[in-house]
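Engineer: One file: data.cif (mmCIF, C-alpha atoms and all ligand atoms).
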```cif
data_model
#
loop_
_atom_site.label_atom_id
_atom_site.label_comp_id
_atom_site.auth_asym_id
_atom_site.auth_seq_id
_atom_site.Cartn_x
_atom_site.Cartn_y
_atom_site.Cartn_z
CA MET A 1 0.00 0.00 0.00
CA ALA A 2 1.22 3.51 -0.73
CA GLN A 3 2.54 5.46 2.24
CA PRO A 4 1.67 9.13 2.77
CA ASN A 5 4.12 11.46 1.09
CA THR A 6 5.24 8.93 -1.52
CA ASN A 7 7.59 10.74 -3.89
CA LEU A 8 6.40 9.80 -7.37
CA LEU A 9 9.47 11.34 -9.00
CA ASN A 10 11.48 8.51 -7.50
CA MET A 11 9.67 5.99 -9.72
CA GLY A 12 10.44 4.73 -13.19
CA PRO A 13 7.61 3.95 -15.64
CA GLN A 14 7.05 0.38 -14.39
CA GLU A 15 7.03 1.32 -10.73
CA LEU A 16 4.54 4.08 -11.45
CA GLU A 17 2.24 1.58 -13.10
CA GLY A 18 2.44 -0.61 -9.98
CA PHE A 19 1.70 2.42 -7.83
CA PHE A 20 -1.49 3.35 -9.68
CA LYS A 21 -2.64 -0.27 -9.65
CA SER A 22 -2.02 -0.43 -5.90
CA LEU A 23 -4.45 2.48 -5.54
CA GLY A 24 -7.08 0.45 -7.40
CA HIS A 25 -6.68 2.20 -10.77
CA GLN A 26 -5.60 1.03 -14.19
CA GLY A 27 -1.96 0.91 -15.23
CA PHE A 28 -2.40 3.43 -18.06
CA ARG A 29 -2.82 6.18 -15.45
CA ALA A 30 0.97 6.03 -15.08
CA LYS A 31 1.36 7.17 -18.69
CA GLN A 32 -1.11 10.00 -18.19
CA PHE A 33 0.71 10.96 -15.01
CA MET A 34 4.08 11.11 -16.81
CA GLN A 35 2.56 13.27 -19.55
CA TRP A 36 1.21 15.71 -16.97
CA VAL A 37 4.40 15.98 -14.96
CA TYR A 38 7.21 15.61 -17.49
CA GLN A 39 5.61 17.02 -20.64
CA ARG A 40 3.13 19.62 -19.37
CA ASP A 41 5.09 20.55 -16.23
CA MET A 42 1.99 20.17 -14.06
CA THR A 43 2.65 19.54 -10.37
CA GLU A 44 -0.90 20.05 -8.96
CA PHE A 45 -2.75 16.72 -8.78
CA SER A 46 -6.09 18.52 -8.58
CA CYS A 47 -5.51 19.96 -12.06
CA MET A 48 -4.89 16.60 -13.74
CA HIS A 49 -8.38 16.68 -15.20
CA ASP A 50 -8.35 13.38 -17.04
CA PHE A 51 -7.95 11.56 -13.71
CA PRO A 52 -11.14 10.57 -11.87
CA LEU A 53 -11.84 12.72 -8.82
CA ASP A 54 -11.16 9.90 -6.34
CA LEU A 55 -7.70 9.37 -7.86
CA ARG A 56 -6.90 13.07 -7.60
CA ARG A 57 -7.93 12.97 -3.94
CA GLN A 58 -5.82 9.88 -3.29
CA LEU A 59 -2.81 11.56 -4.88
CA ASP A 60 -3.32 14.70 -2.80
CA GLU A 61 -3.33 12.56 0.33
CA LEU A 62 -0.58 10.11 -0.51
CA ALA A 63 1.79 11.48 -3.12
CA SER A 64 4.31 14.28 -3.43
CA LEU A 65 6.34 15.86 -6.23
CA PRO A 66 9.24 17.62 -4.51
CA THR A 67 11.22 20.22 -6.43
CA LEU A 68 14.85 21.28 -6.20
CA THR A 69 15.65 24.82 -5.14
CA VAL A 70 17.99 27.15 -7.03
CA HIS A 71 20.60 28.45 -4.62
CA THR A 72 22.64 30.34 -7.24
CA GLU A 73 22.33 30.84 -10.99
CA LYS A 74 25.27 32.02 -13.07
CA THR A 75 25.31 32.84 -16.76
CA SER A 76 28.53 32.74 -18.77
CA LYS A 77 29.57 35.17 -21.48
CA ASP A 78 28.94 32.30 -23.91
CA GLU A 79 25.37 31.88 -22.51
CA THR A 80 26.11 28.66 -20.65
CA ILE A 81 24.03 28.63 -17.45
CA LYS A 82 25.13 26.95 -14.23
CA TRP A 83 22.76 26.27 -11.35
CA LEU A 84 23.84 25.45 -7.82
CA LEU A 85 20.86 23.48 -6.56
CA GLU A 86 20.01 22.89 -2.94
CA MET A 87 18.43 19.68 -1.75
CA ASP A 88 16.34 18.90 1.35
CA ASP A 89 19.34 17.83 3.40
CA GLY A 90 21.32 21.01 2.64
CA ASN A 91 23.69 19.35 0.15
CA LYS A 92 24.22 21.23 -3.09
CA ILE A 93 24.89 20.00 -6.59
CA GLU A 94 25.56 21.68 -9.92
CA THR A 95 23.70 21.40 -13.23
CA VAL A 96 24.83 23.10 -16.44
CA PHE A 97 22.91 24.10 -19.58
CA ILE A 98 25.03 24.53 -22.71
CA PRO A 99 23.13 26.21 -25.57
CA ASP A 100 24.33 25.87 -29.13
CA THR A 101 22.90 26.93 -32.47
CA LYS A 102 21.09 23.68 -33.09
CA ARG A 103 21.05 22.00 -29.72
CA GLY A 104 20.84 22.59 -25.99
CA THR A 105 22.76 20.16 -23.81
CA LEU A 106 21.93 19.71 -20.14
CA CYS A 107 24.80 18.31 -18.08
CA ILE A 108 23.44 16.72 -14.92
CA SER A 109 24.91 15.32 -11.71
CA SER A 110 24.44 11.81 -10.35
CA GLN A 111 26.06 12.06 -6.90
CA VAL A 112 26.90 14.65 -4.24
CA GLY A 113 30.67 14.75 -4.76
CA CYS A 114 32.53 11.76 -6.17
CA ALA A 115 34.46 8.88 -4.63
CA LEU A 116 36.66 7.97 -7.58
CA ASN A 117 39.40 10.51 -6.99
CA CYS A 118 40.52 11.13 -10.59
CA SER A 119 43.62 13.30 -10.21
CA PHE A 120 42.56 16.00 -12.71
CA CYS A 121 38.93 16.52 -11.63
CA ALA A 122 37.65 19.27 -9.30
CA THR A 123 34.71 17.20 -8.06
CA ALA A 124 37.18 14.63 -6.70
CA THR A 125 38.79 17.21 -4.42
CA GLN A 126 35.67 17.40 -2.27
CA GLY A 127 35.15 13.68 -1.62
CA PHE A 128 31.83 11.90 -1.61
CA ASN A 129 28.68 12.45 0.39
CA ARG A 130 25.83 10.43 -1.13
CA ASN A 131 24.02 9.20 -4.23
CA LEU A 132 21.30 11.36 -5.74
CA SER A 133 17.82 9.86 -5.74
CA THR A 134 15.94 9.27 -9.00
CA SER A 135 13.82 12.28 -8.08
CA GLU A 136 16.91 14.47 -7.71
CA ILE A 137 18.25 13.30 -11.08
CA VAL A 138 15.05 13.92 -13.07
CA GLY A 139 14.40 17.01 -10.89
CA GLN A 140 17.43 18.67 -12.50
CA ILE A 141 15.78 18.38 -15.93
CA MET A 142 12.43 19.63 -14.61
CA LEU A 143 14.11 22.58 -12.98
CA ALA A 144 16.22 23.50 -16.01
CA LYS A 145 13.15 23.32 -18.26
CA ARG A 146 11.23 25.58 -15.90
CA ARG A 147 14.05 28.14 -15.51
CA LEU A 148 14.66 28.34 -19.28
CA LEU A 149 10.97 29.10 -19.71
CA GLU A 150 11.01 31.71 -16.94
CA LEU A 151 14.12 33.32 -18.45
CA GLY A 152 12.35 33.55 -21.81
CA SER A 153 15.17 31.55 -23.39
CA SER A 154 14.71 30.51 -27.00
CA HIS A 155 16.78 27.40 -26.28
CA LYS A 156 15.33 23.97 -25.58
CA ILE A 157 16.93 20.95 -23.94
CA THR A 158 17.70 18.56 -26.80
CA ASN A 159 20.43 16.40 -25.21
CA ILE A 160 21.17 15.09 -21.75
CA VAL A 161 24.70 14.18 -20.65
CA MET A 162 25.37 12.50 -17.30
CA MET A 163 28.67 14.36 -17.02
CA GLY A 164 28.10 16.51 -13.96
CA MET A 165 29.23 15.66 -10.45
CA GLY A 166 29.70 12.01 -9.59
CA GLU A 167 30.08 8.61 -11.20
CA PRO A 168 26.64 7.67 -12.57
CA LEU A 169 27.35 3.94 -12.69
CA LEU A 170 28.00 3.87 -8.93
CA ASN A 171 24.37 4.93 -8.58
CA LEU A 172 22.75 2.45 -10.97
CA ASP A 173 19.66 1.72 -8.86
CA ASN A 174 18.56 5.35 -8.97
CA LEU A 175 20.04 6.10 -12.39
CA ILE A 176 18.16 3.43 -14.37
CA PRO A 177 14.60 4.61 -13.53
CA ALA A 178 15.76 8.18 -14.21
CA LEU A 179 17.10 7.18 -17.64
CA GLN A 180 13.86 5.34 -18.39
CA ILE A 181 11.95 8.53 -17.62
CA MET A 182 14.29 10.47 -19.93
CA ARG A 183 13.69 7.95 -22.73
CA SER A 184 9.96 7.23 -22.31
CA ASP A 185 7.71 8.70 -25.01
CA TYR A 186 5.22 9.50 -22.24
CA ALA A 187 7.83 11.40 -20.22
CA PHE A 188 10.77 13.42 -21.61
CA GLY A 189 10.94 11.32 -24.78
CA PHE A 190 14.63 11.79 -25.64
CA ALA A 191 15.94 9.54 -28.42
CA LYS A 192 18.61 7.04 -27.38
CA ARG A 193 21.50 8.96 -28.88
CA LYS A 194 20.38 12.13 -27.09
CA VAL A 195 21.03 10.69 -23.64
CA THR A 196 24.68 9.96 -22.81
CA VAL A 197 26.01 8.33 -19.67
CA SER A 198 29.69 9.00 -19.01
CA THR A 199 31.62 6.55 -16.84
CA SER A 200 35.13 6.16 -15.50
CA GLY A 201 34.81 2.50 -16.41
CA LEU A 202 32.85 0.37 -13.95
CA VAL A 203 32.85 -2.73 -16.10
CA PRO A 204 30.06 -4.83 -14.47
CA ALA A 205 27.78 -1.81 -14.23
CA MET A 206 28.32 -1.06 -17.94
CA ASP A 207 26.86 -4.48 -18.74
CA LYS A 208 23.94 -3.90 -16.36
CA LEU A 209 23.22 -0.52 -17.90
CA ASN A 210 23.26 -2.06 -21.37
CA ALA A 211 20.71 -4.66 -20.35
CA ALA A 212 18.41 -2.17 -18.62
CA VAL A 213 18.05 0.82 -20.94
CA ASP A 214 19.12 2.01 -24.37
CA VAL A 215 21.34 5.10 -24.07
CA ALA A 216 24.65 6.31 -25.49
CA LEU A 217 27.80 5.55 -23.52
CA ALA A 218 30.93 7.66 -23.07
CA VAL A 219 33.99 6.21 -21.38
CA SER A 220 36.65 8.30 -19.65
CA LEU A 221 39.75 6.55 -20.94
CA HIS A 222 42.27 9.41 -20.75
CA ALA A 223 45.39 7.26 -21.23
CA PRO A 224 46.60 4.56 -23.62
CA SER A 225 48.51 2.47 -21.05
CA ASP A 226 47.54 1.01 -17.67
CA ASP A 227 50.43 2.66 -15.78
CA LEU A 228 49.43 6.12 -16.89
CA ARG A 229 45.69 5.51 -16.60
CA THR A 230 46.04 4.29 -13.03
CA GLN A 231 47.74 7.59 -12.13
CA LEU A 232 44.89 9.59 -13.65
CA VAL A 233 41.89 7.34 -12.94
CA PRO A 234 42.64 5.14 -9.88
CA LEU A 235 39.65 2.91 -10.73
CA ASN A 236 41.89 1.49 -13.47
CA LYS A 237 43.52 -0.74 -10.85
CA LYS A 238 40.23 -2.56 -10.50
CA TYR A 239 39.19 -2.54 -14.16
CA PRO A 240 42.25 -2.17 -16.41
CA ILE A 241 42.12 -1.00 -20.02
CA ALA A 242 41.77 -4.42 -21.64
CA GLU A 243 38.73 -5.28 -19.49
CA LEU A 244 37.25 -1.84 -20.04
CA LEU A 245 37.59 -1.94 -23.82
CA ALA A 246 36.16 -5.47 -23.90
CA ALA A 247 33.14 -4.08 -22.03
CA CYS A 248 32.88 -1.29 -24.63
CA LYS A 249 32.76 -3.91 -27.38
CA ARG A 250 30.03 -5.81 -25.54
CA TYR A 251 28.10 -2.58 -25.13
CA CYS A 252 28.11 -2.07 -28.89
CA SER A 253 27.62 -5.67 -29.94
CA ILE A 254 23.93 -5.83 -29.06
CA LYS A 255 22.96 -2.97 -31.33
CA LYS A 256 25.38 -2.97 -34.19
CA SER A 257 24.94 0.72 -35.00
CA ASN A 258 26.17 1.86 -31.58
CA LYS A 259 29.52 3.50 -30.97
CA VAL A 260 31.04 4.32 -27.63
CA THR A 261 32.55 7.79 -27.20
CA ILE A 262 36.08 7.57 -25.83
CA GLU A 263 36.81 10.65 -23.72
CA TYR A 264 40.43 11.75 -23.47
CA VAL A 265 41.45 14.76 -21.38
CA MET A 266 44.44 16.62 -22.85
CA LEU A 267 47.07 17.17 -20.14
CA ALA A 268 50.29 18.91 -21.23
CA GLY A 269 53.32 16.64 -21.05
CA VAL A 270 51.32 13.85 -19.38
CA ASN A 271 49.23 11.99 -21.98
CA ASP A 272 49.32 14.22 -25.06
CA SER A 273 52.31 13.11 -27.15
CA VAL A 274 51.97 11.70 -30.66
CA ALA A 275 53.42 8.44 -29.26
CA ASN A 276 50.46 8.37 -26.83
CA ALA A 277 48.09 8.92 -29.75
CA ARG A 278 49.65 6.06 -31.73
CA LEU A 279 49.33 3.71 -28.77
CA LEU A 280 45.75 4.84 -28.22
CA ALA A 281 44.93 4.05 -31.86
CA LYS A 282 46.34 0.54 -31.36
CA GLN A 283 44.35 0.00 -28.17
CA LEU A 284 41.13 1.08 -29.83
CA ALA A 285 41.47 -1.30 -32.80
CA ASN A 286 38.18 -3.21 -33.17
CA VAL A 287 36.35 -1.07 -30.60
CA PRO A 288 33.39 0.62 -32.33
CA CYS A 289 34.09 4.13 -31.14
CA LYS A 290 34.66 7.79 -31.80
CA VAL A 291 37.15 9.82 -29.80
CA ASN A 292 36.43 13.10 -28.03
CA LEU A 293 39.49 15.06 -26.91
CA ILE A 294 38.74 17.29 -23.90
CA PRO A 295 41.06 20.26 -23.32
CA PHE A 296 41.89 20.18 -19.60
CA ASN A 297 40.00 22.77 -17.56
CA PRO A 298 42.12 24.08 -14.72
CA PHE A 299 40.94 24.64 -11.15
CA PRO A 300 42.69 25.94 -8.03
CA GLY A 301 45.06 23.59 -6.22
CA ASN A 302 45.84 21.48 -9.27
CA ASN A 303 49.20 21.21 -11.05
CA TYR A 304 48.12 20.00 -14.48
CA ASN A 305 48.16 22.26 -17.53
CA CYS A 306 46.09 22.03 -20.68
CA SER A 307 47.92 20.79 -23.77
CA SER A 308 48.78 23.43 -26.38
CA SER A 309 46.46 23.70 -29.36
CA ASN A 310 49.31 22.41 -31.55
CA ALA A 311 49.63 19.30 -29.39
CA ILE A 312 45.87 18.74 -29.48
CA MET A 313 45.80 19.13 -33.28
CA ALA A 314 48.75 16.74 -33.74
CA PHE A 315 47.06 14.19 -31.46
CA GLN A 316 43.80 14.52 -33.36
CA ARG A 317 45.55 14.24 -36.74
CA CYS A 318 47.29 11.04 -35.69
CA LEU A 319 43.98 9.42 -34.72
CA VAL A 320 42.15 10.66 -37.80
CA GLU A 321 44.92 9.28 -40.06
CA ARG A 322 44.35 5.91 -38.43
CA GLY A 323 40.65 6.01 -39.21
CA TYR A 324 39.14 7.28 -35.94
CA LEU A 325 36.48 9.95 -35.99
CA THR A 326 38.03 12.41 -33.53
CA THR A 327 36.53 15.65 -32.27
CA VAL A 328 37.81 18.25 -29.83
CA ARG A 329 35.30 19.28 -27.16
CA ARG A 330 34.67 23.02 -27.16
CA THR A 331 35.19 24.43 -23.68
CA ARG A 332 32.00 26.11 -22.48
CA GLY A 333 31.32 28.31 -19.45
CA PRO A 334 34.89 28.48 -18.07
CA ASP A 335 34.30 32.01 -16.68
CA ILE A 336 31.63 30.60 -14.31
CA ASP A 337 33.52 27.34 -13.57
CA ALA A 338 30.94 25.37 -15.52
CA ALA A 339 33.29 23.48 -17.85
CA CYS A 340 34.00 19.71 -17.68
CA GLY A 341 35.57 18.74 -14.41
CA GLN A 342 35.07 22.16 -12.79
CA LEU A 343 31.84 21.35 -10.95
CA ARG A 344 32.02 21.26 -7.20
CA GLY A 345 28.61 21.85 -5.61
CA ARG A 346 28.73 21.92 -1.81
CA LEU A 347 28.85 18.97 0.52
CA ARG A 348 27.14 19.28 3.86
CA ASP A 349 29.03 16.57 5.65
CA LYS A 350 32.67 17.51 5.19
CA THR A 351 33.83 14.69 7.45
CA LYS A 352 33.32 12.24 4.59
CA ARG A 353 36.05 14.13 2.79
CA ASN A 354 38.70 12.49 4.93
CA ALA A 355 37.18 9.09 4.40
CA ARG A 356 37.63 9.40 0.66
CA PHE A 357 40.07 6.56 0.17
CA LYS A 358 38.06 4.24 2.37
CA VAL A 359 34.91 5.16 0.48
CA THR A 360 36.66 4.59 -2.84
CA ARG A 361 37.59 1.05 -1.95
CA GLN A 362 34.19 0.30 -0.52
CA VAL A 363 32.43 1.73 -3.54
CA VAL A 364 34.57 -0.24 -5.96
CA THR A 365 33.67 -3.42 -4.09
CA VAL A 366 30.01 -2.52 -4.51
CA GLY A 367 30.71 -2.08 -8.24
CA ARG A 368 32.10 -5.61 -8.44
CA ASN A 369 29.03 -6.96 -6.71
CA LEU A 370 26.84 -5.54 -9.43
CA SER A 371 27.92 -8.27 -11.80
N1 LIG B 401 32.34 10.21 -13.57
C1 LIG B 401 32.02 10.32 -14.95
C2 LIG B 401 31.51 11.73 -15.34
C3 LIG B 401 32.59 12.75 -15.18
S1 LIG B 401 32.57 14.29 -15.97
C4 LIG B 401 33.24 9.96 -15.77
O1 LIG B 401 34.32 9.85 -15.21
O2 LIG B 401 33.12 9.78 -16.96
C5 LIG B 401 32.72 14.11 -17.66
C6 LIG B 401 34.13 14.14 -18.27
O3 LIG B 401 34.93 15.28 -17.86
C7 LIG B 401 34.92 12.91 -17.88
O4 LIG B 401 35.52 12.37 -19.03
C8 LIG B 401 35.95 13.47 -16.95
O5 LIG B 401 37.07 12.65 -16.85
C9 LIG B 401 36.24 14.82 -17.58
N2 LIG B 401 36.94 15.75 -16.71
C10 LIG B 401 37.04 15.71 -15.35
N3 LIG B 401 37.81 16.73 -14.91
C11 LIG B 401 38.19 17.43 -15.99
C12 LIG B 401 38.95 18.64 -16.18
N4 LIG B 401 39.45 19.31 -15.14
N5 LIG B 401 39.13 19.07 -17.44
C13 LIG B 401 38.56 18.43 -18.48
N6 LIG B 401 37.83 17.31 -18.37
C14 LIG B 401 37.63 16.82 -17.14
#
```
Show how you would write the structure in this file as structure tokens.
Ligand code: SAH

Structural biologist:
Amino acid sequence: MAQPNTNLLNMGPQELEGFFKSLGHQGFRAKQFMQWVYQRDMTEFSCMHDFPLDLRRQLDELASLPTLTVHTEKTSKDETIKWLLEMDDGNKIETVFIPDTKRGTLCISSQVGCALNCSFCATATQGFNRNLSTSEIVGQIMLAKRRLLELGSSHKITNIVMMGMGEPLLNLDNLIPALQIMRSDYAFGFAKRKVTVSTSGLVPAMDKLNAAVDVALAVSLHAPSDDLRTQLVPLNKKYPIAELLAACKRYCSIKKSNKVTIEYVMLAGVNDSVANARLLAKQLANVPCKVNLIPFNPFPGNNYNCSSSNAIMAFQRCLVERGYLTTVRRTRGPDIDAACGQLRGRLRDKTKRNARFKVTRQVVTVGRNLS
């Protein structure tokens, strides 16, 4: 039986159907509900006029649709918008909207902080507090949609990238229903290539994701050899490159048209030589993929530098000559710290910061158990 104050934004399409049935109504009410909330932005149950009156009353008594609160909104010179969002427990996360001529990409967070401790990422410096709920993940899209409307923006959200704070695949239980809501024709209705999940490479969770929902995958490879990758992405110790690339192949094998995006941050003098590019090309042989080079975005307290544009071009040329579609990610919103890897949010419980290494190990074990 439904409990009072049941948060319906925490439910994926199937769970919603079960919820409406448990109230004695037909399953199709779930579809109508998703249309009201995710397509028409309606949050008042009493106004959902195609529901029978008794259902509207039941929802008023039993259900809730909590919203996230904007703590701060910043707009970049290039029109990128960053929101610092506050949640019920006082934790804060960041969400970024990146408008372009033809598309509008919303970059959303999956966790408060991150436990993976990649050496070049600002989110890692703050440690990990907790996973976001499904409601907090889809809530970022609802909020961005609402704010864009209020701001009179001509831009629409056409793409979702799970590239904000956190490692999405360490939060699979809450992520999967959220992705199903993004994909459902009755909810946000994004096509499969318009929703991208980026991962540091949790191999068993990549397989689980593949089985659960059809979305595009990006993998943070960042180095062509295990020694170097382990320095940059410590998770590599657990899931080295060969295992990770095998998982990428499995991800693509089910639907033959799929390609994984290989993300590669460009760090001067660290991973950006032409020799690195040649080795990368060898590693990627037979992996259906395209490569996205990400110029490093600096943040205080970090010693890395971004590769020169000549080094980035030479790296790109080397991959292109070997047959890889290779793009360079345009840096957006750097003046408001909204670019890749610059998101920090605010963690309420700073004590977890010191427990970062412990948490990392624990979390990785959880990842293994997902298989
Ligand atoms: N945890 C996920 C999502 C991270 S953010 C993952 O690791 O994929 C998305 C991308 O930005 C990742 O490829 C990440 O490695 C990269 N990134 C992190 N810090 C960066 C920085 N300072 N400059 C450029 N890219 C960065």

Engineer: Which residue, A:Lys92, A:His222, A:Arg332, A:Arg56, has the smallest gap to Asp272 in chain A when you use all atoms listed in the file?

Structural biologist: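 When distances to Asp272 in chain A are compared using all atoms listed in the file, the smallest one comes from A:His222.
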
Engineer: What separation in Å, quoted to one decimal, exists between CA of Leu267 in chain A and CA of Gln342 in chain A?

Structural biologist: 14.9 Å

Engineer: Check which residues of chain A sit at most 6 Å from ligand LIG 401 (chain B) using all atoms listed in the file, and return one row each with the closest pair of atoms and their distance in Å to one decimal, ordered by chain and rising number, as a Markdown table.

Structural biologist:
```
| residue | atom | partner | partner_atom | distance |
| --- | --- | --- | --- | --- |
| A:Phe120 | CA | B:LIG401 | N4 | 5.2 |
| A:Cys121 | CA | B:LIG401 | N3 | 3.5 |
| A:Met163 | CA | B:LIG401 | S1 | 4.0 |
| A:Gly164 | CA | B:LIG401 | S1 | 5.4 |
| A:Gly166 | CA | B:LIG401 | N1 | 5.1 |
| A:Glu167 | CA | B:LIG401 | N1 | 3.6 |
| A:Ser198 | CA | B:LIG401 | O2 | 4.1 |
| A:Thr199 | CA | B:LIG401 | O2 | 3.6 |
| A:Ser200 | CA | B:LIG401 | O1 | 3.8 |
| A:Val219 | CA | B:LIG401 | O2 | 5.7 |
| A:Ser220 | CA | B:LIG401 | O4 | 4.3 |
| A:Glu263 | CA | B:LIG401 | O4 | 5.2 |
| A:Val265 | CA | B:LIG401 | N6 | 5.4 |
| A:Ile294 | CA | B:LIG401 | C13 | 5.5 |
| A:Pro295 | CA | B:LIG401 | C13 | 5.7 |
| A:Phe296 | CA | B:LIG401 | N5 | 3.7 |
| A:Asn297 | CA | B:LIG401 | N5 | 3.8 |
| A:Pro298 | CA | B:LIG401 | N4 | 5.5 |
| A:Cys340 | CA | B:LIG401 | O3 | 4.5 |
| A:Gly341 | CA | B:LIG401 | N3 | 3.1 |
| A:Gln342 | CA | B:LIG401 | N4 | 5.7 |
```

Engineer: Which distance in Å separates CA of Leu23 in chain A and CA of Val37 in chain A, to one decimal?

Structural biologist: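 It comes out at 18.7 Å.
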
Engineer: Between A:Thr69, A:Ser153, A:Asn302, A:Thr134, which has the minimum distance to Phe97 in chain A (counting all atoms listed in the file)?

Structural biologist: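 Checking each candidate against Phe97 in chain A, we get A:Ser153 as the closest.
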
Engineer: Contacts of Leu325 in chain A at 10 Å or less, counting all atoms listed in the file, minus same-chain residues fewer than 4 places along, as a list in words?

Structural biologist: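 Answer for this query is Thr261, Cys289, Lys290, Val291, Asn292, Gln316, Leu319, Val320 and Glu321 of chain A.
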
Engineer: Could the residues in this selection be saved with C-alpha atoms as a PDB file, in the frame of the given file?

Structural biologist:
```
ATOM      1  CA  THR A 261      32.550   7.790 -27.200  1.00  0.00           C
ATOM      2  CA  CYS A 289      34.090   4.130 -31.140  1.00  0.00           C
ATOM      3  CA  LYS A 290      34.660   7.790 -31.800  1.00  0.00           C
ATOM      4  CA  VAL A 291      37.150   9.820 -29.800  1.00  0.00           C
ATOM      5  CA  ASN A 292      36.430  13.100 -28.030  1.00  0.00           C
ATOM      6  CA  GLN A 316      43.800  14.520 -33.360  1.00  0.00           C
ATOM      7  CA  LEU A 319      43.980   9.420 -34.720  1.00  0.00           C
ATOM      8  CA  VAL A 320      42.150  10.660 -37.800  1.00  0.00           C
ATOM      9  CA  GLU A 321      44.920   9.280 -40.060  1.00  0.00           C
TER      10      GLU A 321
END
```

Engineer: Can you pull out every residue within 12 Å of Tyr324 in chain A, counting all atoms listed in the file, but drop anything in the same chain fewer than 6 positions away, and send it as a list in words?

Structural biologist: Lys259, Val260, Thr261, Ile262, Ala277, Arg278, Leu280, Ala281, Lys282, Gln283, Leu284, Ala285, Asn286, Val287, Pro288, Cys289, Lys290, Val291, Asn292, Leu293, Phe315, Gln316, Arg317 and Cys318 of chain A

Engineer: What does the distance from CA of Arg130 in chain A to CA of Ile336 in chain A come to in Å, to one decimal?

Structural biologist: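 Interatomic distance, CA of Arg130 in chain A to CA of Ile336 in chain A: 24.8 Å.
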
Engineer: I want to know what sits within 7 Å of Thr158 in chain A, based on only C-alpha atoms, with residues of the same chain fewer than 3 positions away left out; could you give that as a list of chain:residue names?

Structural biologist: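 So the residues in contact are A:Arg103, A:Gly104, A:Thr105, A:Lys194.
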
Engineer: Restricting the calculation to all atoms listed in the file, which member of A:Ala2, A:Leu209, A:Val70, A:Leu221 is positioned closest to Trp83 in chain A?

Structural biologist: A:Val70

Engineer: From the options A:Leu85, A:Pro13, A:Pro66, A:Glu136, which residue's atoms come nearest to Arg183 in chain A, counting only C-alpha atoms?

Structural biologist: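 For Arg183 in chain A, the nearest of the given residues is A:Pro13.
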
Engineer: Nearest residue to Leu244 in chain A out of A:Leu279, A:Leu228, A:Val203, A:Val161, using all atoms listed in the file?

Structural biologist: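 Counting all atoms listed in the file, the residue closest to Leu244 in chain A is A:Val203.
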
Engineer: For Phe190 in chain A, work out the shell of residues within 9 Å, counting all atoms listed in the file and skipping chain neighbours fewer than 5 positions away, then give it as a PyMOL selection string.

Structural biologist: chain A and resi 158-160+182-185+195

Engineer: Excluding Ile176 in chain A and any residue of its chain fewer than 2 positions from it, enumerate the residues within 12 Å of it, using only C-alpha atoms, and give them as a ChimeraX atom specification.

Structural biologist: /A:10-15,110,133-135,137-138,162,168-174,178-183,197,205-206,208-215

Engineer: With C-alpha atoms kept, could you save the residues just selected as a PDB file, keeping the file's coordinate frame?

Structural biologist:
```pdb
ATOM      1  CA  ASN A  10      11.480   8.510  -7.500  1.00  0.00           C
ATOM      2  CA  MET A  11       9.670   5.990  -9.720  1.00  0.00           C
ATOM      3  CA  GLY A  12      10.440   4.730 -13.190  1.00  0.00           C
ATOM      4  CA  PRO A  13       7.610   3.950 -15.640  1.00  0.00           C
ATOM      5  CA  GLN A  14       7.050   0.380 -14.390  1.00  0.00           C
ATOM      6  CA  GLU A  15       7.030   1.320 -10.730  1.00  0.00           C
ATOM      7  CA  SER A 110      24.440  11.810 -10.350  1.00  0.00           C
ATOM      8  CA  SER A 133      17.820   9.860  -5.740  1.00  0.00           C
ATOM      9  CA  THR A 134      15.940   9.270  -9.000  1.00  0.00           C
ATOM     10  CA  SER A 135      13.820  12.280  -8.080  1.00  0.00           C
ATOM     11  CA  ILE A 137      18.250  13.300 -11.080  1.00  0.00           C
ATOM     12  CA  VAL A 138      15.050  13.920 -13.070  1.00  0.00           C
ATOM     13  CA  MET A 162      25.370  12.500 -17.300  1.00  0.00           C
ATOM     14  CA  PRO A 168      26.640   7.670 -12.570  1.00  0.00           C
ATOM     15  CA  LEU A 169      27.350   3.940 -12.690  1.00  0.00           C
ATOM     16  CA  LEU A 170      28.000   3.870  -8.930  1.00  0.00           C
ATOM     17  CA  ASN A 171      24.370   4.930  -8.580  1.00  0.00           C
ATOM     18  CA  LEU A 172      22.750   2.450 -10.970  1.00  0.00           C
ATOM     19  CA  ASP A 173      19.660   1.720  -8.860  1.00  0.00           C
ATOM     20  CA  ASN A 174      18.560   5.350  -8.970  1.00  0.00           C
ATOM     21  CA  ALA A 178      15.760   8.180 -14.210  1.00  0.00           C
ATOM     22  CA  LEU A 179      17.100   7.180 -17.640  1.00  0.00           C
ATOM     23  CA  GLN A 180      13.860   5.340 -18.390  1.00  0.00           C
ATOM     24  CA  ILE A 181      11.950   8.530 -17.620  1.00  0.00           C
ATOM     25  CA  MET A 182      14.290  10.470 -19.930  1.00  0.00           C
ATOM     26  CA  ARG A 183      13.690   7.950 -22.730  1.00  0.00           C
ATOM     27  CA  VAL A 197      26.010   8.330 -19.670  1.00  0.00           C
ATOM     28  CA  ALA A 205      27.780  -1.810 -14.230  1.00  0.00           C
ATOM     29  CA  MET A 206      28.320  -1.060 -17.940  1.00  0.00           C
ATOM     30  CA  LYS A 208      23.940  -3.900 -16.360  1.00  0.00           C
ATOM     31  CA  LEU A 209      23.220  -0.520 -17.900  1.00  0.00           C
ATOM     32  CA  ASN A 210      23.260  -2.060 -21.370  1.00  0.00           C
ATOM     33  CA  ALA A 211      20.710  -4.660 -20.350  1.00  0.00           C
ATOM     34  CA  ALA A 212      18.410  -2.170 -18.620  1.00  0.00           C
ATOM     35  CA  VAL A 213      18.050   0.820 -20.940  1.00  0.00           C
ATOM     36  CA  ASP A 214      19.120   2.010 -24.370  1.00  0.00           C
ATOM     37  CA  VAL A 215      21.340   5.100 -24.070  1.00  0.00           C
TER      38      VAL A 215
END
```
